[in-house]
>>> print(open('structure_15.txt').read())   # compact mmCIF, N, CA and C atoms and all ligand atoms
# COMPACT_ATOMS: atom_id res chain seq x y z
N MET A 1 8.72 -29.13 -18.01
CA MET A 1 9.78 -28.86 -17.04
C MET A 1 10.48 -27.55 -17.38
N GLU A 2 10.73 -27.38 -18.69
CA GLU A 2 11.41 -26.15 -19.09
C GLU A 2 10.60 -24.91 -18.72
N ASP A 3 9.26 -25.07 -18.85
CA ASP A 3 8.39 -23.96 -18.50
C ASP A 3 8.56 -23.56 -17.04
N VAL A 4 8.72 -24.57 -16.18
CA VAL A 4 8.88 -24.31 -14.75
C VAL A 4 10.17 -23.54 -14.50
N ILE A 5 11.23 -23.98 -15.16
CA ILE A 5 12.53 -23.32 -14.98
C ILE A 5 12.46 -21.88 -15.51
N GLU A 6 11.79 -21.74 -16.65
CA GLU A 6 11.64 -20.42 -17.24
C GLU A 6 10.84 -19.50 -16.31
N LEU A 7 9.76 -20.04 -15.76
CA LEU A 7 8.93 -19.26 -14.84
C LEU A 7 9.74 -18.87 -13.61
N LYS A 8 10.52 -19.82 -13.10
CA LYS A 8 11.34 -19.56 -11.91
C LYS A 8 12.31 -18.41 -12.18
N THR A 9 12.96 -18.46 -13.34
CA THR A 9 13.91 -17.41 -13.70
C THR A 9 13.19 -16.06 -13.83
N LYS A 10 12.03 -16.09 -14.48
CA LYS A 10 11.27 -14.86 -14.66
C LYS A 10 10.86 -14.25 -13.32
N VAL A 11 10.40 -15.12 -12.41
CA VAL A 11 9.96 -14.66 -11.10
C VAL A 11 11.15 -14.08 -10.33
N GLN A 12 12.27 -14.78 -10.37
CA GLN A 12 13.44 -14.31 -9.62
C GLN A 12 13.93 -12.97 -10.17
N GLU A 13 13.84 -12.81 -11.47
CA GLU A 13 14.25 -11.52 -12.04
C GLU A 13 13.29 -10.40 -11.64
N LYS A 14 12.01 -10.75 -11.61
CA LYS A 14 11.01 -9.75 -11.22
C LYS A 14 11.21 -9.35 -9.75
N LEU A 15 11.49 -10.32 -8.90
CA LEU A 15 11.73 -10.03 -7.48
C LEU A 15 12.90 -9.06 -7.33
N LYS A 16 13.97 -9.34 -8.06
CA LYS A 16 15.16 -8.47 -7.99
C LYS A 16 14.84 -7.06 -8.47
N LEU A 17 14.03 -7.01 -9.55
CA LEU A 17 13.63 -5.73 -10.10
C LEU A 17 12.90 -4.88 -9.05
N TYR A 18 12.16 -5.54 -8.17
CA TYR A 18 11.41 -4.84 -7.13
C TYR A 18 12.21 -4.74 -5.82
N GLY A 19 13.48 -5.09 -5.90
CA GLY A 19 14.35 -4.93 -4.73
C GLY A 19 14.23 -6.03 -3.70
N LEU A 20 13.68 -7.17 -4.10
CA LEU A 20 13.55 -8.28 -3.15
C LEU A 20 14.56 -9.37 -3.49
N ARG A 21 15.23 -9.83 -2.44
CA ARG A 21 16.15 -10.94 -2.64
C ARG A 21 15.31 -12.20 -2.92
N PRO A 22 15.62 -12.93 -3.99
CA PRO A 22 14.78 -14.09 -4.31
C PRO A 22 15.04 -15.29 -3.42
N THR A 23 14.52 -15.23 -2.20
CA THR A 23 14.64 -16.37 -1.29
C THR A 23 13.78 -17.51 -1.82
N ARG A 24 13.93 -18.68 -1.21
CA ARG A 24 13.18 -19.83 -1.68
C ARG A 24 11.67 -19.59 -1.52
N ALA A 25 11.28 -19.05 -0.36
CA ALA A 25 9.85 -18.81 -0.11
C ALA A 25 9.29 -17.78 -1.09
N ARG A 26 10.03 -16.71 -1.30
CA ARG A 26 9.56 -15.67 -2.23
C ARG A 26 9.44 -16.22 -3.64
N THR A 27 10.42 -17.04 -4.03
CA THR A 27 10.39 -17.60 -5.38
C THR A 27 9.19 -18.53 -5.53
N ARG A 28 8.97 -19.41 -4.55
CA ARG A 28 7.85 -20.35 -4.64
C ARG A 28 6.51 -19.62 -4.67
N ILE A 29 6.36 -18.65 -3.79
CA ILE A 29 5.09 -17.93 -3.74
C ILE A 29 4.95 -17.07 -4.99
N GLY A 30 6.03 -16.50 -5.44
CA GLY A 30 6.01 -15.71 -6.66
C GLY A 30 5.61 -16.54 -7.87
N MET A 31 6.10 -17.78 -7.93
CA MET A 31 5.76 -18.65 -9.06
C MET A 31 4.27 -18.98 -9.06
N MET A 32 3.69 -18.97 -7.86
CA MET A 32 2.27 -19.28 -7.75
C MET A 32 1.40 -18.07 -8.10
N LEU A 33 1.88 -16.90 -7.73
CA LEU A 33 1.03 -15.71 -7.81
C LEU A 33 1.34 -14.84 -9.03
N LEU A 34 2.57 -14.84 -9.50
CA LEU A 34 2.97 -13.84 -10.49
C LEU A 34 2.99 -14.35 -11.92
N ASP A 35 2.60 -15.62 -12.14
CA ASP A 35 2.69 -16.13 -13.52
C ASP A 35 1.63 -15.51 -14.41
N LYS A 36 0.46 -15.19 -13.86
CA LYS A 36 -0.57 -14.48 -14.61
C LYS A 36 -1.45 -13.72 -13.62
N PRO A 37 -2.28 -12.78 -14.12
CA PRO A 37 -3.10 -12.02 -13.16
C PRO A 37 -4.01 -12.94 -12.38
N LYS A 38 -3.91 -12.89 -11.06
CA LYS A 38 -4.79 -13.70 -10.22
C LYS A 38 -4.89 -13.12 -8.82
N HIS A 39 -5.85 -13.62 -8.07
CA HIS A 39 -6.11 -13.16 -6.72
C HIS A 39 -6.04 -14.35 -5.79
N LEU A 40 -5.19 -14.26 -4.78
CA LEU A 40 -5.11 -15.35 -3.81
C LEU A 40 -5.00 -14.75 -2.42
N SER A 41 -5.67 -15.39 -1.46
CA SER A 41 -5.50 -14.97 -0.06
C SER A 41 -4.28 -15.69 0.50
N ALA A 42 -3.81 -15.22 1.65
CA ALA A 42 -2.67 -15.87 2.29
C ALA A 42 -2.99 -17.33 2.60
N ASP A 43 -4.22 -17.59 3.05
CA ASP A 43 -4.61 -18.96 3.35
C ASP A 43 -4.59 -19.84 2.10
N GLN A 44 -5.07 -19.27 0.99
CA GLN A 44 -5.06 -20.03 -0.27
C GLN A 44 -3.64 -20.34 -0.72
N VAL A 45 -2.75 -19.37 -0.57
CA VAL A 45 -1.34 -19.60 -0.94
C VAL A 45 -0.76 -20.69 -0.06
N HIS A 46 -1.03 -20.60 1.25
CA HIS A 46 -0.51 -21.59 2.19
C HIS A 46 -1.03 -22.99 1.84
N GLU A 47 -2.32 -23.08 1.55
CA GLU A 47 -2.96 -24.36 1.21
C GLU A 47 -2.35 -24.95 -0.06
N LYS A 48 -2.18 -24.12 -1.07
CA LYS A 48 -1.62 -24.60 -2.34
C LYS A 48 -0.18 -25.10 -2.17
N LEU A 49 0.59 -24.40 -1.35
CA LEU A 49 1.97 -24.84 -1.12
C LEU A 49 1.98 -26.19 -0.41
N LYS A 50 1.07 -26.33 0.56
CA LYS A 50 0.98 -27.61 1.28
C LYS A 50 0.61 -28.74 0.33
N GLN A 51 -0.35 -28.44 -0.57
CA GLN A 51 -0.76 -29.46 -1.55
C GLN A 51 0.39 -29.88 -2.44
N LYS A 52 1.30 -28.96 -2.72
CA LYS A 52 2.45 -29.29 -3.55
C LYS A 52 3.55 -29.98 -2.74
N GLY A 53 3.29 -30.16 -1.45
CA GLY A 53 4.25 -30.88 -0.63
C GLY A 53 5.32 -30.02 0.01
N TYR A 54 5.15 -28.69 -0.04
CA TYR A 54 6.13 -27.82 0.59
C TYR A 54 5.74 -27.56 2.04
N THR A 55 6.74 -27.56 2.91
CA THR A 55 6.50 -27.21 4.30
C THR A 55 6.86 -25.74 4.45
N ILE A 56 5.88 -24.96 4.81
CA ILE A 56 6.13 -23.53 4.97
C ILE A 56 5.17 -23.03 6.04
N SER A 57 5.62 -22.17 6.92
CA SER A 57 4.74 -21.71 7.99
C SER A 57 3.82 -20.61 7.46
N LYS A 58 2.68 -20.49 8.13
CA LYS A 58 1.75 -19.42 7.74
C LYS A 58 2.41 -18.06 7.91
N ALA A 59 3.24 -17.94 8.95
CA ALA A 59 3.91 -16.65 9.20
C ALA A 59 4.80 -16.29 8.01
N THR A 60 5.50 -17.27 7.46
CA THR A 60 6.36 -16.99 6.30
C THR A 60 5.52 -16.56 5.11
N VAL A 61 4.38 -17.23 4.93
CA VAL A 61 3.50 -16.85 3.81
C VAL A 61 3.04 -15.41 4.00
N TYR A 62 2.58 -15.09 5.21
CA TYR A 62 2.11 -13.71 5.48
C TYR A 62 3.23 -12.70 5.28
N ASN A 63 4.40 -13.00 5.82
CA ASN A 63 5.53 -12.06 5.70
C ASN A 63 5.92 -11.86 4.24
N THR A 64 5.92 -12.94 3.49
CA THR A 64 6.29 -12.85 2.08
C THR A 64 5.28 -12.02 1.31
N LEU A 65 3.98 -12.27 1.54
CA LEU A 65 2.95 -11.52 0.84
C LEU A 65 2.99 -10.04 1.24
N ASN A 66 3.28 -9.78 2.52
CA ASN A 66 3.42 -8.38 2.95
C ASN A 66 4.58 -7.70 2.24
N ALA A 67 5.68 -8.42 2.12
CA ALA A 67 6.85 -7.85 1.42
C ALA A 67 6.49 -7.59 -0.04
N PHE A 68 5.77 -8.51 -0.66
CA PHE A 68 5.34 -8.34 -2.06
C PHE A 68 4.48 -7.07 -2.18
N SER A 69 3.58 -6.93 -1.23
CA SER A 69 2.65 -5.82 -1.28
C SER A 69 3.37 -4.49 -1.04
N GLU A 70 4.29 -4.49 -0.07
CA GLU A 70 5.02 -3.25 0.25
C GLU A 70 5.85 -2.75 -0.92
N CYS A 71 6.42 -3.66 -1.69
CA CYS A 71 7.25 -3.20 -2.81
C CYS A 71 6.43 -2.99 -4.07
N GLY A 72 5.15 -3.34 -4.03
CA GLY A 72 4.28 -3.05 -5.17
C GLY A 72 4.26 -4.12 -6.25
N ILE A 73 4.80 -5.28 -5.95
CA ILE A 73 4.80 -6.36 -6.95
C ILE A 73 3.39 -6.98 -7.03
N VAL A 74 2.63 -6.88 -5.94
CA VAL A 74 1.21 -7.25 -5.94
C VAL A 74 0.45 -6.12 -5.24
N SER A 75 -0.86 -6.06 -5.45
CA SER A 75 -1.64 -5.11 -4.68
C SER A 75 -2.61 -5.88 -3.78
N GLU A 76 -3.05 -5.23 -2.72
CA GLU A 76 -3.96 -5.88 -1.78
C GLU A 76 -5.38 -5.47 -2.09
N VAL A 77 -6.28 -6.43 -2.04
CA VAL A 77 -7.70 -6.15 -2.15
C VAL A 77 -8.33 -6.62 -0.84
N THR A 78 -8.78 -5.65 -0.05
CA THR A 78 -9.36 -6.01 1.24
C THR A 78 -10.88 -6.01 1.12
N ILE A 79 -11.47 -7.14 1.34
CA ILE A 79 -12.92 -7.29 1.25
C ILE A 79 -13.55 -6.91 2.59
N ASP A 80 -12.99 -7.43 3.65
CA ASP A 80 -13.39 -7.07 5.01
C ASP A 80 -12.17 -7.37 5.88
N PRO A 81 -12.24 -6.97 7.16
CA PRO A 81 -11.00 -7.09 7.95
C PRO A 81 -10.41 -8.51 8.01
N SER A 82 -11.23 -9.51 7.75
CA SER A 82 -10.69 -10.87 7.83
C SER A 82 -10.33 -11.44 6.46
N ARG A 83 -10.61 -10.68 5.41
CA ARG A 83 -10.35 -11.23 4.07
C ARG A 83 -9.58 -10.25 3.19
N THR A 84 -8.31 -10.57 2.98
CA THR A 84 -7.47 -9.80 2.08
C THR A 84 -6.96 -10.72 0.98
N TYR A 85 -7.05 -10.24 -0.23
CA TYR A 85 -6.52 -11.00 -1.37
C TYR A 85 -5.33 -10.25 -1.93
N TYR A 86 -4.39 -11.01 -2.46
CA TYR A 86 -3.22 -10.42 -3.10
C TYR A 86 -3.42 -10.56 -4.60
N ASP A 87 -3.30 -9.44 -5.27
CA ASP A 87 -3.66 -9.34 -6.69
C ASP A 87 -2.40 -9.09 -7.49
N SER A 88 -2.11 -9.98 -8.44
CA SER A 88 -0.89 -9.79 -9.23
C SER A 88 -1.10 -8.83 -10.40
N ARG A 89 -2.34 -8.36 -10.59
CA ARG A 89 -2.54 -7.29 -11.58
C ARG A 89 -2.44 -5.98 -10.79
N THR A 90 -1.42 -5.19 -11.06
CA THR A 90 -1.19 -4.02 -10.21
C THR A 90 -1.63 -2.72 -10.87
N THR A 91 -2.15 -2.80 -12.09
CA THR A 91 -2.68 -1.58 -12.70
C THR A 91 -4.08 -1.35 -12.12
N PRO A 92 -4.55 -0.07 -12.10
CA PRO A 92 -5.83 0.21 -11.44
C PRO A 92 -6.99 -0.55 -12.09
N HIS A 93 -7.79 -1.19 -11.28
CA HIS A 93 -9.00 -1.85 -11.77
C HIS A 93 -9.94 -2.10 -10.60
N HIS A 94 -11.15 -2.50 -10.92
CA HIS A 94 -12.16 -2.76 -9.89
C HIS A 94 -12.44 -4.26 -9.84
N HIS A 95 -13.29 -4.65 -8.90
CA HIS A 95 -13.58 -6.08 -8.74
C HIS A 95 -15.05 -6.37 -8.48
N PHE A 96 -15.48 -7.53 -8.97
CA PHE A 96 -16.67 -8.17 -8.45
C PHE A 96 -16.19 -9.13 -7.38
N PHE A 97 -16.90 -9.19 -6.26
CA PHE A 97 -16.58 -10.20 -5.26
C PHE A 97 -17.84 -11.01 -5.01
N ASN A 98 -17.78 -12.31 -5.32
CA ASN A 98 -18.92 -13.18 -5.09
C ASN A 98 -18.89 -13.68 -3.64
N ILE A 99 -19.87 -13.23 -2.85
CA ILE A 99 -19.85 -13.59 -1.43
C ILE A 99 -20.17 -15.07 -1.22
N ASP A 100 -20.79 -15.72 -2.21
CA ASP A 100 -21.09 -17.15 -2.08
C ASP A 100 -19.87 -18.02 -2.38
N THR A 101 -19.10 -17.60 -3.36
CA THR A 101 -17.96 -18.45 -3.77
C THR A 101 -16.62 -17.91 -3.30
N GLY A 102 -16.60 -16.65 -2.84
CA GLY A 102 -15.33 -16.05 -2.43
C GLY A 102 -14.46 -15.67 -3.62
N GLN A 103 -15.04 -15.70 -4.83
CA GLN A 103 -14.23 -15.41 -6.01
C GLN A 103 -14.19 -13.92 -6.34
N LEU A 104 -13.02 -13.46 -6.68
CA LEU A 104 -12.83 -12.08 -7.14
C LEU A 104 -12.66 -12.09 -8.65
N VAL A 105 -13.36 -11.20 -9.34
CA VAL A 105 -13.24 -11.11 -10.79
C VAL A 105 -12.90 -9.66 -11.12
N ASP A 106 -11.93 -9.48 -12.00
CA ASP A 106 -11.51 -8.12 -12.38
C ASP A 106 -12.58 -7.40 -13.20
N ILE A 107 -12.67 -6.11 -12.97
CA ILE A 107 -13.46 -5.22 -13.83
C ILE A 107 -12.46 -4.19 -14.35
N ALA A 108 -12.35 -4.08 -15.67
CA ALA A 108 -11.43 -3.10 -16.24
C ALA A 108 -11.84 -1.70 -15.78
N SER A 109 -10.88 -0.85 -15.47
CA SER A 109 -11.24 0.47 -14.95
C SER A 109 -12.05 1.27 -15.95
N ASP A 110 -11.85 1.02 -17.26
CA ASP A 110 -12.63 1.73 -18.28
C ASP A 110 -14.09 1.29 -18.32
N ASP A 111 -14.37 0.11 -17.77
CA ASP A 111 -15.74 -0.41 -17.83
C ASP A 111 -16.63 0.16 -16.72
N MET A 112 -16.08 1.00 -15.89
CA MET A 112 -16.85 1.51 -14.78
C MET A 112 -16.46 2.96 -14.55
N SER A 113 -17.45 3.81 -14.35
CA SER A 113 -17.11 5.19 -14.05
C SER A 113 -17.83 5.61 -12.77
N VAL A 114 -17.21 6.49 -12.06
CA VAL A 114 -17.76 6.95 -10.79
C VAL A 114 -18.05 8.43 -10.92
N GLU A 115 -19.28 8.79 -10.63
CA GLU A 115 -19.67 10.20 -10.70
C GLU A 115 -20.09 10.66 -9.31
N ASN A 116 -20.09 11.96 -9.15
CA ASN A 116 -20.59 12.55 -7.91
C ASN A 116 -19.87 12.05 -6.66
N ILE A 117 -18.59 12.15 -6.69
CA ILE A 117 -17.85 11.85 -5.46
C ILE A 117 -18.09 13.02 -4.51
N PRO A 118 -18.54 12.75 -3.30
CA PRO A 118 -18.83 13.86 -2.38
C PRO A 118 -17.57 14.67 -2.07
N ARG A 119 -17.80 15.89 -1.58
CA ARG A 119 -16.68 16.76 -1.23
C ARG A 119 -15.81 16.02 -0.21
N LEU A 120 -14.52 16.04 -0.46
CA LEU A 120 -13.61 15.33 0.44
C LEU A 120 -13.48 16.09 1.76
N PRO A 121 -13.22 15.37 2.82
CA PRO A 121 -12.92 16.06 4.09
C PRO A 121 -11.73 17.02 3.89
N ASP A 122 -11.68 18.07 4.68
CA ASP A 122 -10.62 19.07 4.54
C ASP A 122 -9.24 18.41 4.57
N ASN A 123 -8.35 19.01 3.83
CA ASN A 123 -6.94 18.57 3.82
C ASN A 123 -6.76 17.11 3.43
N THR A 124 -7.61 16.63 2.54
CA THR A 124 -7.41 15.27 2.06
C THR A 124 -7.45 15.28 0.54
N GLN A 125 -6.92 14.23 -0.04
CA GLN A 125 -6.98 14.06 -1.49
C GLN A 125 -7.28 12.60 -1.78
N ILE A 126 -7.78 12.34 -2.97
CA ILE A 126 -8.05 10.95 -3.34
C ILE A 126 -6.73 10.26 -3.64
N GLN A 127 -6.52 9.17 -2.97
CA GLN A 127 -5.29 8.41 -3.13
C GLN A 127 -5.51 7.31 -4.16
N ASP A 128 -6.69 6.77 -4.12
CA ASP A 128 -6.98 5.60 -4.91
C ASP A 128 -8.49 5.44 -4.94
N LEU A 129 -9.01 4.91 -6.02
CA LEU A 129 -10.45 4.69 -6.07
C LEU A 129 -10.69 3.31 -6.66
N GLU A 130 -10.84 2.35 -5.78
CA GLU A 130 -11.07 0.98 -6.23
C GLU A 130 -12.39 0.52 -5.66
N ILE A 131 -13.20 -0.02 -6.53
CA ILE A 131 -14.53 -0.42 -6.11
C ILE A 131 -14.66 -1.93 -6.11
N VAL A 132 -15.24 -2.46 -5.05
CA VAL A 132 -15.56 -3.88 -4.97
C VAL A 132 -17.08 -3.99 -5.02
N VAL A 133 -17.60 -4.59 -6.07
CA VAL A 133 -19.03 -4.82 -6.18
C VAL A 133 -19.30 -6.20 -5.62
N LYS A 134 -20.02 -6.26 -4.49
CA LYS A 134 -20.29 -7.57 -3.89
C LYS A 134 -21.51 -8.19 -4.56
N ILE A 135 -21.36 -9.40 -5.01
CA ILE A 135 -22.46 -10.09 -5.69
C ILE A 135 -22.72 -11.42 -5.00
N SER A 136 -23.90 -12.00 -5.26
CA SER A 136 -24.19 -13.34 -4.74
C SER A 136 -24.85 -14.14 -5.85
N ASN A 137 -24.85 -15.45 -5.70
CA ASN A 137 -25.49 -16.31 -6.70
C ASN A 137 -27.00 -16.19 -6.58
N LYS A 138 -27.72 -16.29 -7.72
CA LYS A 138 -29.19 -16.22 -7.69
C LYS A 138 -29.77 -17.59 -7.42
ZN ZN B 201 -7.83 -7.84 -9.60
>>> encode(input="structure_15.txt", output="structure tokens")
Amino acid sequence: MEDVIELKTKVQEKLKLYGLRPTRARTRIGMMLLDKPKHLSADQVHEKLKQKGYTISKATVYNTLNAFSECGIVSEVTIDPSRTYYDSRTTPHHHFFNIDTGQLVDIASDDMSVENIPRLPDNTQIQDLEIVVKISNK
């Protein structure tokens, strides 16, 4: 029980640090996502909250995750237009994405190097370079 209270306090302090008022929804979702590095989709967050007996609308989950992403407390990993995961590890890294299981696994940025990036279109610069390696089960 103490761990839960401690986690709640930690999450609320982190939210404030990122300029977010620790509302009940933000605190609950933060406790689920920010306790350790993990990847969850909005649907997974919604499902887990329902399993814990909380009533929360999907819109609130989406809005909360968007707010988290906008302030940089989580980063977004978009696999395809219908699948976005929220990642509580916000330092640069890459991912394996298993298309059979839907699981995302971190790849340390030092474990992968990218060579021969083609010439960028005029008047552009690299903003970010994150690679998703799609894998399937054998
Ligand atoms: Zn990740």
>>> residues_near_ligand(input="structure_15.txt", ligand="ligand ZN 201 (chain B)", cutoff="8 Å", atoms="all atoms listed in the file", output="number ranges by chain")
A: 37-39, 77, 86-96, 104-107
>>> write_last_selection(input="structure_15.txt", atoms="N, CA and C atoms", output="mmCIF file, keeping the file's coordinate frame")
data_model
loop_
_atom_site.group_PDB
_atom_site.id
_atom_site.type_symbol
_atom_site.label_atom_id
_atom_site.label_comp_id
_atom_site.auth_asym_id
_atom_site.auth_seq_id
_atom_site.Cartn_x
_atom_site.Cartn_y
_atom_site.Cartn_z
ATOM 1 N N PRO A 37 -2.280 -12.780 -14.120
ATOM 2 C CA PRO A 37 -3.100 -12.020 -13.160
ATOM 3 C C PRO A 37 -4.010 -12.940 -12.380
ATOM 4 N N LYS A 38 -3.910 -12.890 -11.060
ATOM 5 C CA LYS A 38 -4.790 -13.700 -10.220
ATOM 6 C C LYS A 38 -4.890 -13.120 -8.820
ATOM 7 N N HIS A 39 -5.850 -13.620 -8.070
ATOM 8 C CA HIS A 39 -6.110 -13.160 -6.720
ATOM 9 C C HIS A 39 -6.040 -14.350 -5.790
ATOM 10 N N VAL A 77 -6.280 -6.430 -2.040
ATOM 11 C CA VAL A 77 -7.700 -6.150 -2.150
ATOM 12 C C VAL A 77 -8.330 -6.620 -0.840
ATOM 13 N N TYR A 86 -4.390 -11.010 -2.460
ATOM 14 C CA TYR A 86 -3.220 -10.420 -3.100
ATOM 15 C C TYR A 86 -3.420 -10.560 -4.600
ATOM 16 N N ASP A 87 -3.300 -9.440 -5.270
ATOM 17 C CA ASP A 87 -3.660 -9.340 -6.690
ATOM 18 C C ASP A 87 -2.400 -9.090 -7.490
ATOM 19 N N SER A 88 -2.110 -9.980 -8.440
ATOM 20 C CA SER A 88 -0.890 -9.790 -9.230
ATOM 21 C C SER A 88 -1.100 -8.830 -10.400
ATOM 22 N N ARG A 89 -2.340 -8.360 -10.590
ATOM 23 C CA ARG A 89 -2.540 -7.290 -11.580
ATOM 24 C C ARG A 89 -2.440 -5.980 -10.790
ATOM 25 N N THR A 90 -1.420 -5.190 -11.060
ATOM 26 C CA THR A 90 -1.190 -4.020 -10.210
ATOM 27 C C THR A 90 -1.630 -2.720 -10.870
ATOM 28 N N THR A 91 -2.150 -2.800 -12.090
ATOM 29 C CA THR A 91 -2.680 -1.580 -12.700
ATOM 30 C C THR A 91 -4.080 -1.350 -12.120
ATOM 31 N N PRO A 92 -4.550 -0.070 -12.100
ATOM 32 C CA PRO A 92 -5.830 0.210 -11.440
ATOM 33 C C PRO A 92 -6.990 -0.550 -12.090
ATOM 34 N N HIS A 93 -7.790 -1.190 -11.280
ATOM 35 C CA HIS A 93 -9.000 -1.850 -11.770
ATOM 36 C C HIS A 93 -9.940 -2.100 -10.600
ATOM 37 N N HIS A 94 -11.150 -2.500 -10.920
ATOM 38 C CA HIS A 94 -12.160 -2.760 -9.890
ATOM 39 C C HIS A 94 -12.440 -4.260 -9.840
ATOM 40 N N HIS A 95 -13.290 -4.650 -8.900
ATOM 41 C CA HIS A 95 -13.580 -6.080 -8.740
ATOM 42 C C HIS A 95 -15.050 -6.370 -8.480
ATOM 43 N N PHE A 96 -15.480 -7.530 -8.970
ATOM 44 C CA PHE A 96 -16.670 -8.170 -8.450
ATOM 45 C C PHE A 96 -16.190 -9.130 -7.380
ATOM 46 N N LEU A 104 -13.020 -13.460 -6.680
ATOM 47 C CA LEU A 104 -12.830 -12.080 -7.140
ATOM 48 C C LEU A 104 -12.660 -12.090 -8.650
ATOM 49 N N VAL A 105 -13.360 -11.200 -9.340
ATOM 50 C CA VAL A 105 -13.240 -11.110 -10.790
ATOM 51 C C VAL A 105 -12.900 -9.660 -11.120
ATOM 52 N N ASP A 106 -11.930 -9.480 -12.000
ATOM 53 C CA ASP A 106 -11.510 -8.120 -12.380
ATOM 54 C C ASP A 106 -12.580 -7.400 -13.200
ATOM 55 N N ILE A 107 -12.670 -6.110 -12.970
ATOM 56 C CA ILE A 107 -13.460 -5.220 -13.830
ATOM 57 C C ILE A 107 -12.460 -4.190 -14.350
#
>>> residues_around(input="structure_15.txt", residues="Arg21 of chain A", least_positions_apart="5", cutoff="12 Å", atoms="only C-alpha atoms", output="ChimeraX atom specification")
/A:11-16,26-27,30,64,67-68,71
>>> write_last_selection(input="structure_15.txt", atoms="N, CA and C atoms", output="tab-separated table (two decimals), in the frame of the given file")
chain	number	residue	atom	x	y	z
A	11	VAL	N	10.40	-15.12	-12.41
A	11	VAL	CA	9.96	-14.66	-11.10
A	11	VAL	C	11.15	-14.08	-10.33
A	12	GLN	N	12.27	-14.78	-10.37
A	12	GLN	CA	13.44	-14.31	-9.62
A	12	GLN	C	13.93	-12.97	-10.17
A	13	GLU	N	13.84	-12.81	-11.47
A	13	GLU	CA	14.25	-11.52	-12.04
A	13	GLU	C	13.29	-10.40	-11.64
A	14	LYS	N	12.01	-10.75	-11.61
A	14	LYS	CA	11.01	-9.75	-11.22
A	14	LYS	C	11.21	-9.35	-9.75
A	15	LEU	N	11.49	-10.32	-8.90
A	15	LEU	CA	11.73	-10.03	-7.48
A	15	LEU	C	12.90	-9.06	-7.33
A	16	LYS	N	13.97	-9.34	-8.06
A	16	LYS	CA	15.16	-8.47	-7.99
A	16	LYS	C	14.84	-7.06	-8.47
A	26	ARG	N	10.03	-16.71	-1.30
A	26	ARG	CA	9.56	-15.67	-2.23
A	26	ARG	C	9.44	-16.22	-3.64
A	27	THR	N	10.42	-17.04	-4.03
A	27	THR	CA	10.39	-17.60	-5.38
A	27	THR	C	9.19	-18.53	-5.53
A	30	GLY	N	6.03	-16.50	-5.44
A	30	GLY	CA	6.01	-15.71	-6.66
A	30	GLY	C	5.61	-16.54	-7.87
A	64	THR	N	5.92	-12.94	3.49
A	64	THR	CA	6.29	-12.85	2.08
A	64	THR	C	5.28	-12.02	1.31
A	67	ALA	N	5.68	-8.42	2.12
A	67	ALA	CA	6.85	-7.85	1.42
A	67	ALA	C	6.49	-7.59	-0.04
A	68	PHE	N	5.77	-8.51	-0.66
A	68	PHE	CA	5.34	-8.34	-2.06
A	68	PHE	C	4.48	-7.07	-2.18
A	71	CYS	N	6.42	-3.66	-1.69
A	71	CYS	CA	7.25	-3.20	-2.81
A	71	CYS	C	6.43	-2.99	-4.07
>>> select_by_dssp(input="structure_15.txt", residues="chain A", states="strand (DSSP E)", output="list in words")
His39, Leu40, Ser41, Ser75, Glu76, Val77, Thr78, Ile79, Asp80, Arg83, Thr84, Tyr85, Tyr86, Asp87, His93, His94, His95, Phe96, Phe97, Asn98, Leu104, Val105, Asp106, Ile107, Ala108, Val132, Val133, Lys134 and Ile135 of chain A
>>> closest_residue(input="structure_15.txt", among="A:Leu34, A:Ile135, A:Ile117, A:Ala108", to="Thr9 of chain A", atoms="only C-alpha atoms")
A:Leu34
>>> atom_distance(input="structure_15.txt", atom1="atom C of His46 of chain A", atom2="atom N of Lys138 of chain A")
29.1 Å
>>> closest_residue(input="structure_15.txt", among="A:Lys58, A:Lys50, A:Arg28, A:Arg83", to="Lys8 of chain A", atoms="all atoms listed in the file")
A:Arg28
>>> atom_distance(input="structure_15.txt", atom1="atom C of Val45 of chain A", atom2="atom N of Ser136 of chain A")
25.3 Å
>>> atom_distance(input="structure_15.txt", atom1="atom N of Ile99 of chain A", atom2="atom CA of Lys134 of chain A")
5.8 Å
>>> axis_aligned_box(input="structure_15.txt", around="segment 26-44 of chain A", padding_each_side="3 Å", output="JSON")
{"center_x": 2.2, "center_y": -16.2, "center_z": -5.6, "size_x": 22.5, "size_y": 14.3, "size_z": 24.0}
>>> decode(input="structure_15.txt", residues="segment 77-99 of chain A", atoms="C-alpha atoms", output="PDB file, in the first residue's frame")
ATOM      1  CA  VAL A  77       5.764   5.742 -31.252  1.00  0.00           C
ATOM      2  CA  THR A  78       3.586   5.533 -34.332  1.00  0.00           C
ATOM      3  CA  ILE A  79       3.631   2.152 -36.017  1.00  0.00           C
ATOM      4  CA  ASP A  80       0.946   2.961 -38.567  1.00  0.00           C
ATOM      5  CA  PRO A  81      -1.890   5.468 -38.685  1.00  0.00           C
ATOM      6  CA  SER A  82      -4.090   3.267 -36.517  1.00  0.00           C
ATOM      7  CA  ARG A  83      -1.455   2.278 -33.969  1.00  0.00           C
ATOM      8  CA  THR A  84       0.278   4.735 -31.682  1.00  0.00           C
ATOM      9  CA  TYR A  85       2.033   3.733 -28.499  1.00  0.00           C
ATOM     10  CA  TYR A  86       2.971   6.028 -25.649  1.00  0.00           C
ATOM     11  CA  ASP A  87       6.488   5.426 -24.432  1.00  0.00           C
ATOM     12  CA  SER A  88       7.576   6.463 -20.963  1.00  0.00           C
ATOM     13  CA  ARG A  89      11.243   6.223 -21.946  1.00  0.00           C
ATOM     14  CA  THR A  90      11.792   9.636 -23.492  1.00  0.00           C
ATOM     15  CA  THR A  91      15.505   9.437 -24.267  1.00  0.00           C
ATOM     16  CA  PRO A  92      16.288   8.630 -27.932  1.00  0.00           C
ATOM     17  CA  HIS A  93      16.053   4.933 -28.773  1.00  0.00           C
ATOM     18  CA  HIS A  94      14.773   2.577 -31.443  1.00  0.00           C
ATOM     19  CA  HIS A  95      12.247  -0.251 -31.351  1.00  0.00           C
ATOM     20  CA  PHE A  96      11.495  -3.742 -32.482  1.00  0.00           C
ATOM     21  CA  PHE A  97       7.807  -4.103 -33.226  1.00  0.00           C
ATOM     22  CA  ASN A  98       6.448  -7.643 -33.350  1.00  0.00           C
ATOM     23  CA  ILE A  99       3.571  -7.590 -35.829  1.00  0.00           C
TER      24      ILE A  99
END
